[in-house]
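Single-structure report; data block below.
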Amino acid sequence: MPGRKKNHHKNSNRARHQRGQQSRDKQEQQPSKEQEEEEKEEELASASPEEEQPYRVAQSEIYGRYLVASRQLEPGETLIREEPLAIGPCVSGDPVCLGCYQPVTLKPDQYRCPGCAWPLCGSSCSGLKHRHGHTETECQLYAERRAVAGELLTDRAGPAEVRDLYELVMIVRILLLRQHDPEQFALIARMESHTEERRQNAVLWRHYEEKVVQRLRVTWRLEDLEAQQVHEVCGILDVNCFEIGQNGAKARTLYPSAFLLAHDCTPNTAHTDDPRSFAILLRTSRRVREREALTLSYAYTLQGTLKRRAFMHEGKLFWCRCRRCADPRELGTDCSALVCATCRAGSVRAVDPLEQAGDWACDRCSHRIGAEDVERRLDRINDDLEAIDVHDIPGLENFLLRYRDVLRPNHYLLLSAKYSLCQIYGRIDGYLLPQMSPEDIARKESYCREFLEIVDVLDPGLTRLRGLIMYELHAPVMVLAQMAIQNGQISRQEFQRRLKEVVKLLQVSRDILCMEPEGSTEHEMGLAAADALSKMGC
C-alpha cells in the first residue's frame, strides 16, 4: 500500500494483505458445489421482508457454519457492513495508542494517560472514553495496576515484554464485556475457540498459560477469572479476529458475522475497514453463483503455499487444501518456484504441496530438497529483504539482481520487492517522474505489469490490490507514450491506443478504490484517478 512502513515485507510474507487475519468455526476449506447442495442450510441470517439478504448461513456436520450466496451475486455487491464487537491492539509488539491505534513511542516525552500511564497519542484522542477505544472502566483497571502494566512500558522494555503487555489489552476488554455488556459478550462467546485442539499444542498452550492466564490471575491479581474462560477468549481471538487499519492505525477486531466466511486462497470477496468507526465493509470481488460459498483469505494472498499453509495451521489450526494449495504451480503463477541449484535450468517445486514436510524436486534433473531446507532458505532471503529500507530503490533493485538466479521471476519474495518498487518509483525525492530516466520509468511499467499479471490470477476482480497497481501503472504508460510521440518513435494511431489503455486503467482503479471508505488512502487515490479522467475529458 502507499506509505507502507519498513516492516511491510515481513507482514506481507507472513500474513495479510493485508488487512485481515480472519478465522473460522468451520473445517479445513469450503465445500464443493455438490456437497453444498447436499447439506442442510439454516436461515440464520436475519433477512428483512423488504429485501432478501445476499447470503445465508449453511450448516453441516462436516463443515460447520459458513456463508453461501442466496442468489447470484454481481461484482461489487455489499455483503456485510458491521461495527466490531471488540477491538484492541495487534499482537505485534508495536506500541499503539489505546484510543485510536495510531503508532506511539515509549520515550519519556510520549503523552500518557494520567490515570493508568499507558501511552496515548494525545489528550484529545478521539478514542478516549469511547467504547471502541480507551474506556473509563479499562483505565480504572489499569490504574489499580500501574506498576505491573502501564509503567512497564518504557524505552527500556524489551520487545517481548511490550508484545506481552499489548496482547493482554483485547483479552481484558472482552473479559470486561462479560460484566459490563453481557449481550455483547454472548455474541463473542458463541464463536469457535478450538480450545481442545489448542490444548494439544504444548507450545501454544504454555504461551497463553504463562503470558496471559497467570499474568492476569497472579501478577494482576484478577483471581476471579477462570483459567478455562481466559483460554477460551484467547482461542476465539486467534481463530476469528481480523487485523485492520487505515492511515497508519493497526488493530485487531471481532465482528458479529464476518467471521463466518470460509477460507480460500483465491477468494471471491474483498474487505476493508472504515477508518472512523472500524466497521468492516465486505463485498463481492467477482461474480458469485447462487449457493456458492462466500470466501476470503485468512493469509496474505501473494504469499507462497509453503508459508501460507504454515501460517494458517499455526494460527487457525487447519491445513488448507484449496485448489491453489494443491497445485504445485499455484494456478500457473509459479510464485513459489526456485531455480534448481544443480542443473540451473530446471524449476524446483513441491512434489505434493499438500504434504507440508514433503520433498521439492527439479523438473529437469534428479535434484531434490526437503521442505525444511526450503523454508530455511526462504527465511534467509526474507531476512535480506527485511533489512532493506522501504525507500531504498538501489537496495531493492540489487535484491532482485542477487536472487534472480535463485528464485523464479514470479516468486513471491521477488514480487514483494517489485511491489515496493512499483510504489516508490515516482513518489520519492530523486525518483519523481520528472526526475526519472526513460529507463527507470520503463522499469516501473514492467514491474507493474508483472505484478498485475499475478494479481489477475490470485486476487482478481474488484480487489484493492488490483486497483492500486492499475493506478500505479497508468503514469508510466502515459509518460512513455508522450515521450515516444514527441520523439517520433510511435505513430499517432499507436499513441491513441496507449491513451485508451491509460483511460481503462484509470477507470478500473477509480471504480475499485472509490468503494474504499472515505478518509482512507485508497479512497483518496480513487478520487485522484477520477480527477485524472476528468482532466482527460473522460
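Note on naming: chains are A, B, ... as they come in the C-alpha cells, residues start from 1 per chain, ligands start from 1 in the order shown.
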
Taking the DSSP assignment computed from this structure's backbone, write out as a PyMOL selection string all residues of region 214-383 of chain A that belong to alpha helix (DSSP H).
chain A and resi 214+227-240+305-316+323-326+371-383

Using backbone DSSP assignments, extract all strand (DSSP E or B) residues from region 101-166 of chain A; output them as an MDAnalysis selection string.
chainID A and resid 103 112 119 128 134

I need the residues from that last selection saved to file as a PDB file, in the first residue's frame (with N, CA, C and O atoms), if you can.
```pdb
ATOM      1  N   PRO A 103       0.376   4.669  15.831  1.00  0.00           N
ATOM      2  CA  PRO A 103       1.652   4.366  16.494  1.00  0.00           C
ATOM      3  C   PRO A 103       2.020   5.418  17.538  1.00  0.00           C
ATOM      4  O   PRO A 103       1.763   6.616  17.349  1.00  0.00           O
ATOM      5  N   ARG A 112       0.968  10.256  27.998  1.00  0.00           N
ATOM      6  CA  ARG A 112       0.413   9.056  28.638  1.00  0.00           C
ATOM      7  C   ARG A 112      -0.895   9.386  29.345  1.00  0.00           C
ATOM      8  O   ARG A 112      -1.132  10.536  29.731  1.00  0.00           O
ATOM      9  N   PRO A 119       0.641   4.595  27.166  1.00  0.00           N
ATOM     10  CA  PRO A 119       0.902   5.610  26.140  1.00  0.00           C
ATOM     11  C   PRO A 119      -0.341   5.874  25.286  1.00  0.00           C
ATOM     12  O   PRO A 119      -1.051   4.943  24.891  1.00  0.00           O
ATOM     13  N   LEU A 128     -10.631   8.299  23.345  1.00  0.00           N
ATOM     14  CA  LEU A 128     -10.687   8.341  24.805  1.00  0.00           C
ATOM     15  C   LEU A 128     -12.139   8.312  25.277  1.00  0.00           C
ATOM     16  O   LEU A 128     -13.000   9.027  24.757  1.00  0.00           O
ATOM     17  N   HIS A 134     -10.171   3.628  24.578  1.00  0.00           N
ATOM     18  CA  HIS A 134      -9.735   3.522  25.974  1.00  0.00           C
ATOM     19  C   HIS A 134     -10.857   3.997  26.884  1.00  0.00           C
ATOM     20  O   HIS A 134     -11.049   5.195  27.104  1.00  0.00           O
TER      21      HIS A 134
END
```

Contacts of Gln356 (chain A) at 10 Å or less, counting only C-alpha atoms, minus same-chain residues fewer than 4 places along, as an MDAnalysis selection string?
chainID A and resid 305:307 309:310 319 350 352 370:372

Please provide the set of residues having any atom within 12 Å of region 228-234 of chain A, restricted to only C-alpha atoms, with same-chain residues fewer than 2 positions apart removed, written as a PDB file with N, CA and C atoms, in the first residue's frame.
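What ended up in result14.pdb:
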```pdb
ATOM      1  N   ALA A  86     -15.562  -6.131  19.487  1.00  0.00           N
ATOM      2  CA  ALA A  86     -14.422  -5.799  20.343  1.00  0.00           C
ATOM      3  C   ALA A  86     -13.270  -5.416  19.437  1.00  0.00           C
ATOM      4  N   VAL A  91      -1.143  -8.153  17.998  1.00  0.00           N
ATOM      5  CA  VAL A  91      -0.086  -8.834  18.739  1.00  0.00           C
ATOM      6  C   VAL A  91       1.186  -8.754  17.908  1.00  0.00           C
ATOM      7  N   GLU A 167      -0.662  -7.625  24.134  1.00  0.00           N
ATOM      8  CA  GLU A 167      -1.511  -8.775  23.845  1.00  0.00           C
ATOM      9  C   GLU A 167      -2.651  -8.887  24.848  1.00  0.00           C
ATOM     10  N   LEU A 168      -2.414  -8.433  26.066  1.00  0.00           N
ATOM     11  CA  LEU A 168      -3.426  -8.545  27.116  1.00  0.00           C
ATOM     12  C   LEU A 168      -4.608  -7.615  26.903  1.00  0.00           C
ATOM     13  N   VAL A 169      -4.391  -6.519  26.178  1.00  0.00           N
ATOM     14  CA  VAL A 169      -5.402  -5.454  26.129  1.00  0.00           C
ATOM     15  C   VAL A 169      -6.742  -5.964  25.601  1.00  0.00           C
ATOM     16  N   MET A 170      -6.749  -6.599  24.446  1.00  0.00           N
ATOM     17  CA  MET A 170      -8.037  -7.022  23.886  1.00  0.00           C
ATOM     18  C   MET A 170      -8.644  -8.165  24.682  1.00  0.00           C
ATOM     19  N   ILE A 171      -7.811  -9.022  25.229  1.00  0.00           N
ATOM     20  CA  ILE A 171      -8.323 -10.107  26.072  1.00  0.00           C
ATOM     21  C   ILE A 171      -9.050  -9.528  27.280  1.00  0.00           C
ATOM     22  N   VAL A 172      -8.430  -8.541  27.910  1.00  0.00           N
ATOM     23  CA  VAL A 172      -9.060  -7.892  29.074  1.00  0.00           C
ATOM     24  C   VAL A 172     -10.350  -7.193  28.664  1.00  0.00           C
ATOM     25  N   ARG A 173     -10.345  -6.558  27.508  1.00  0.00           N
ATOM     26  CA  ARG A 173     -11.552  -5.865  27.066  1.00  0.00           C
ATOM     27  C   ARG A 173     -12.718  -6.828  26.875  1.00  0.00           C
ATOM     28  N   ILE A 174     -12.457  -7.985  26.327  1.00  0.00           N
ATOM     29  CA  ILE A 174     -13.521  -8.969  26.135  1.00  0.00           C
ATOM     30  C   ILE A 174     -14.014  -9.487  27.482  1.00  0.00           C
ATOM     31  N   LEU A 175     -13.096  -9.724  28.401  1.00  0.00           N
ATOM     32  CA  LEU A 175     -13.492 -10.201  29.732  1.00  0.00           C
ATOM     33  C   LEU A 175     -14.279  -9.129  30.489  1.00  0.00           C
ATOM     34  N   LEU A 176     -13.982  -7.865  30.257  1.00  0.00           N
ATOM     35  CA  LEU A 176     -14.755  -6.787  30.877  1.00  0.00           C
ATOM     36  C   LEU A 176     -16.175  -6.746  30.331  1.00  0.00           C
ATOM     37  N   LEU A 177     -16.346  -7.106  29.054  1.00  0.00           N
ATOM     38  CA  LEU A 177     -17.690  -7.124  28.467  1.00  0.00           C
ATOM     39  C   LEU A 177     -18.589  -8.112  29.198  1.00  0.00           C
ATOM     40  N   ARG A 178     -18.015  -9.189  29.679  1.00  0.00           N
ATOM     41  CA  ARG A 178     -18.813 -10.202  30.395  1.00  0.00           C
ATOM     42  C   ARG A 178     -19.573  -9.560  31.554  1.00  0.00           C
ATOM     43  N   PHE A 185     -20.939  -9.728  25.022  1.00  0.00           N
ATOM     44  CA  PHE A 185     -20.056 -10.847  25.355  1.00  0.00           C
ATOM     45  C   PHE A 185     -20.631 -12.167  24.836  1.00  0.00           C
ATOM     46  N   ALA A 186     -21.950 -12.315  24.901  1.00  0.00           N
ATOM     47  CA  ALA A 186     -22.582 -13.551  24.437  1.00  0.00           C
ATOM     48  C   ALA A 186     -22.367 -13.751  22.941  1.00  0.00           C
ATOM     49  N   ILE A 188     -19.769 -12.847  21.295  1.00  0.00           N
ATOM     50  CA  ILE A 188     -18.383 -13.299  21.140  1.00  0.00           C
ATOM     51  C   ILE A 188     -18.226 -14.735  21.604  1.00  0.00           C
ATOM     52  N   ALA A 189     -18.875 -15.069  22.730  1.00  0.00           N
ATOM     53  CA  ALA A 189     -18.723 -16.407  23.319  1.00  0.00           C
ATOM     54  C   ALA A 189     -19.233 -17.507  22.401  1.00  0.00           C
ATOM     55  N   ARG A 190     -20.121 -17.191  21.453  1.00  0.00           N
ATOM     56  CA  ARG A 190     -20.647 -18.219  20.547  1.00  0.00           C
ATOM     57  C   ARG A 190     -19.646 -18.597  19.462  1.00  0.00           C
ATOM     58  N   MET A 191     -18.570 -17.822  19.317  1.00  0.00           N
ATOM     59  CA  MET A 191     -17.577 -18.105  18.287  1.00  0.00           C
ATOM     60  C   MET A 191     -16.725 -19.303  18.689  1.00  0.00           C
ATOM     61  N   GLU A 192     -16.215 -19.994  17.691  1.00  0.00           N
ATOM     62  CA  GLU A 192     -15.399 -21.177  17.922  1.00  0.00           C
ATOM     63  C   GLU A 192     -14.037 -20.799  18.501  1.00  0.00           C
ATOM     64  N   SER A 193     -13.561 -21.554  19.463  1.00  0.00           N
ATOM     65  CA  SER A 193     -12.253 -21.293  20.073  1.00  0.00           C
ATOM     66  C   SER A 193     -11.246 -22.417  19.812  1.00  0.00           C
ATOM     67  N   HIS A 194     -11.717 -23.588  19.407  1.00  0.00           N
ATOM     68  CA  HIS A 194     -10.855 -24.756  19.195  1.00  0.00           C
ATOM     69  C   HIS A 194      -9.964 -25.012  20.413  1.00  0.00           C
ATOM     70  N   THR A 195     -10.555 -24.872  21.603  1.00  0.00           N
ATOM     71  CA  THR A 195      -9.769 -24.983  22.833  1.00  0.00           C
ATOM     72  C   THR A 195      -9.108 -26.349  22.968  1.00  0.00           C
ATOM     73  N   GLU A 196      -9.827 -27.415  22.662  1.00  0.00           N
ATOM     74  CA  GLU A 196      -9.244 -28.745  22.842  1.00  0.00           C
ATOM     75  C   GLU A 196      -8.099 -28.994  21.868  1.00  0.00           C
ATOM     76  N   GLU A 197      -8.261 -28.534  20.620  1.00  0.00           N
ATOM     77  CA  GLU A 197      -7.166 -28.672  19.659  1.00  0.00           C
ATOM     78  C   GLU A 197      -5.958 -27.866  20.100  1.00  0.00           C
ATOM     79  N   ARG A 198      -6.210 -26.666  20.637  1.00  0.00           N
ATOM     80  CA  ARG A 198      -5.125 -25.809  21.106  1.00  0.00           C
ATOM     81  C   ARG A 198      -4.411 -26.432  22.309  1.00  0.00           C
ATOM     82  N   ARG A 199      -5.170 -27.123  23.130  1.00  0.00           N
ATOM     83  CA  ARG A 199      -4.580 -27.757  24.305  1.00  0.00           C
ATOM     84  C   ARG A 199      -3.550 -28.820  23.898  1.00  0.00           C
ATOM     85  N   LEU A 204       1.912 -23.645  22.176  1.00  0.00           N
ATOM     86  CA  LEU A 204       0.866 -22.620  22.142  1.00  0.00           C
ATOM     87  C   LEU A 204       0.161 -22.519  23.485  1.00  0.00           C
ATOM     88  N   TRP A 205      -0.207 -23.666  24.034  1.00  0.00           N
ATOM     89  CA  TRP A 205      -0.932 -23.656  25.306  1.00  0.00           C
ATOM     90  C   TRP A 205      -0.071 -23.072  26.418  1.00  0.00           C
ATOM     91  N   ARG A 206       1.201 -23.428  26.460  1.00  0.00           N
ATOM     92  CA  ARG A 206       2.085 -22.909  27.502  1.00  0.00           C
ATOM     93  C   ARG A 206       2.250 -21.388  27.393  1.00  0.00           C
ATOM     94  N   HIS A 207       2.314 -20.889  26.164  1.00  0.00           N
ATOM     95  CA  HIS A 207       2.438 -19.438  25.981  1.00  0.00           C
ATOM     96  C   HIS A 207       1.268 -18.716  26.635  1.00  0.00           C
ATOM     97  N   TYR A 208       0.042 -19.148  26.336  1.00  0.00           N
ATOM     98  CA  TYR A 208      -1.125 -18.459  26.883  1.00  0.00           C
ATOM     99  C   TYR A 208      -1.290 -18.705  28.380  1.00  0.00           C
ATOM    100  N   GLU A 209      -0.887 -19.874  28.835  1.00  0.00           N
ATOM    101  CA  GLU A 209      -0.978 -20.146  30.264  1.00  0.00           C
ATOM    102  C   GLU A 209      -0.042 -19.232  31.052  1.00  0.00           C
ATOM    103  N   GLU A 210       1.191 -19.070  30.554  1.00  0.00           N
ATOM    104  CA  GLU A 210       2.182 -18.274  31.280  1.00  0.00           C
ATOM    105  C   GLU A 210       2.030 -16.770  31.032  1.00  0.00           C
ATOM    106  N   LYS A 211       1.844 -16.391  29.771  1.00  0.00           N
ATOM    107  CA  LYS A 211       1.856 -14.977  29.415  1.00  0.00           C
ATOM    108  C   LYS A 211       0.524 -14.273  29.614  1.00  0.00           C
ATOM    109  N   VAL A 212      -0.553 -15.049  29.650  1.00  0.00           N
ATOM    110  CA  VAL A 212      -1.876 -14.437  29.768  1.00  0.00           C
ATOM    111  C   VAL A 212      -2.569 -14.876  31.065  1.00  0.00           C
ATOM    112  N   VAL A 213      -2.843 -16.168  31.181  1.00  0.00           N
ATOM    113  CA  VAL A 213      -3.633 -16.630  32.320  1.00  0.00           C
ATOM    114  C   VAL A 213      -2.952 -16.303  33.638  1.00  0.00           C
ATOM    115  N   GLN A 214      -1.708 -16.717  33.802  1.00  0.00           N
ATOM    116  CA  GLN A 214      -1.013 -16.472  35.063  1.00  0.00           C
ATOM    117  C   GLN A 214      -0.766 -14.993  35.308  1.00  0.00           C
ATOM    118  N   ARG A 215      -0.484 -14.270  34.245  1.00  0.00           N
ATOM    119  CA  ARG A 215      -0.235 -12.830  34.426  1.00  0.00           C
ATOM    120  C   ARG A 215      -1.502 -12.123  34.919  1.00  0.00           C
ATOM    121  N   LEU A 216      -2.635 -12.460  34.340  1.00  0.00           N
ATOM    122  CA  LEU A 216      -3.877 -11.827  34.766  1.00  0.00           C
ATOM    123  C   LEU A 216      -4.289 -12.273  36.171  1.00  0.00           C
ATOM    124  N   ARG A 217      -4.192 -13.554  36.457  1.00  0.00           N
ATOM    125  CA  ARG A 217      -4.691 -14.066  37.733  1.00  0.00           C
ATOM    126  C   ARG A 217      -3.719 -13.825  38.890  1.00  0.00           C
ATOM    127  N   LEU A 222      -6.212 -10.719  39.377  1.00  0.00           N
ATOM    128  CA  LEU A 222      -7.609 -10.885  38.949  1.00  0.00           C
ATOM    129  C   LEU A 222      -7.997 -12.340  39.220  1.00  0.00           C
ATOM    130  N   GLU A 223      -8.039 -12.679  40.517  1.00  0.00           N
ATOM    131  CA  GLU A 223      -8.217 -14.071  40.923  1.00  0.00           C
ATOM    132  C   GLU A 223      -9.562 -14.645  40.533  1.00  0.00           C
ATOM    133  N   ASP A 224     -10.559 -13.783  40.303  1.00  0.00           N
ATOM    134  CA  ASP A 224     -11.892 -14.280  39.981  1.00  0.00           C
ATOM    135  C   ASP A 224     -11.977 -14.856  38.568  1.00  0.00           C
ATOM    136  N   LEU A 225     -10.998 -14.566  37.741  1.00  0.00           N
ATOM    137  CA  LEU A 225     -11.020 -15.080  36.382  1.00  0.00           C
ATOM    138  C   LEU A 225     -10.784 -16.589  36.385  1.00  0.00           C
ATOM    139  N   GLU A 226     -11.580 -17.313  35.617  1.00  0.00           N
ATOM    140  CA  GLU A 226     -11.386 -18.746  35.471  1.00  0.00           C
ATOM    141  C   GLU A 226     -10.406 -18.992  34.333  1.00  0.00           C
ATOM    142  N   ILE A 236     -10.740 -17.805  20.823  1.00  0.00           N
ATOM    143  CA  ILE A 236     -11.679 -17.063  19.969  1.00  0.00           C
ATOM    144  C   ILE A 236     -10.955 -15.981  19.189  1.00  0.00           C
ATOM    145  N   LEU A 237     -10.047 -15.285  19.847  1.00  0.00           N
ATOM    146  CA  LEU A 237      -9.295 -14.241  19.166  1.00  0.00           C
ATOM    147  C   LEU A 237      -8.404 -14.811  18.072  1.00  0.00           C
ATOM    148  N   ASP A 238      -7.677 -15.855  18.397  1.00  0.00           N
ATOM    149  CA  ASP A 238      -6.775 -16.443  17.400  1.00  0.00           C
ATOM    150  C   ASP A 238      -7.539 -16.930  16.172  1.00  0.00           C
ATOM    151  N   VAL A 239      -8.690 -17.515  16.412  1.00  0.00           N
ATOM    152  CA  VAL A 239      -9.406 -18.179  15.336  1.00  0.00           C
ATOM    153  C   VAL A 239     -10.284 -17.224  14.529  1.00  0.00           C
ATOM    154  N   ASN A 240     -10.775 -16.156  15.135  1.00  0.00           N
ATOM    155  CA  ASN A 240     -11.808 -15.339  14.496  1.00  0.00           C
ATOM    156  C   ASN A 240     -11.463 -13.876  14.247  1.00  0.00           C
ATOM    157  N   CYS A 241     -10.317 -13.410  14.703  1.00  0.00           N
ATOM    158  CA  CYS A 241     -10.081 -11.968  14.610  1.00  0.00           C
ATOM    159  C   CYS A 241      -9.624 -11.539  13.221  1.00  0.00           C
ATOM    160  N   LEU A 254     -13.071  -8.239  16.364  1.00  0.00           N
ATOM    161  CA  LEU A 254     -14.034  -9.330  16.206  1.00  0.00           C
ATOM    162  C   LEU A 254     -15.337  -8.715  15.707  1.00  0.00           C
ATOM    163  N   GLY A 315      -1.979 -20.467  13.304  1.00  0.00           N
ATOM    164  CA  GLY A 315      -2.951 -19.603  13.968  1.00  0.00           C
ATOM    165  C   GLY A 315      -4.373 -20.108  13.919  1.00  0.00           C
TER     166      GLY A 315
END
```

May I have the residues within 6 Å of region 407-419 of chain A as an MDAnalysis selection string, using only C-alpha atoms and disregarding those fewer than 3 positions away in the same chain?
chainID A and resid 303 335:339 403:404 422 447

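Picture a line from CA of Thr269 (chain A) to CA of Leu282 (chain A); it runs 6.9 Å.
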
If we count only C-alpha atoms and set the cut-off at 8 Å, which residues sit around Ser126 (chain A), ignoring sequence neighbours fewer than 2 positions away in its own chain? Please answer as a VMD selection string.
chain A and resid 99 to 100 124 128 130

Please indicate the distance in Å from CA of Arg368 (chain A) to CA of Ser347 (chain A), rounded to one decimal place.
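One can read the CA of Arg368 (chain A) to CA of Ser347 (chain A) distance as 10.9 Å.
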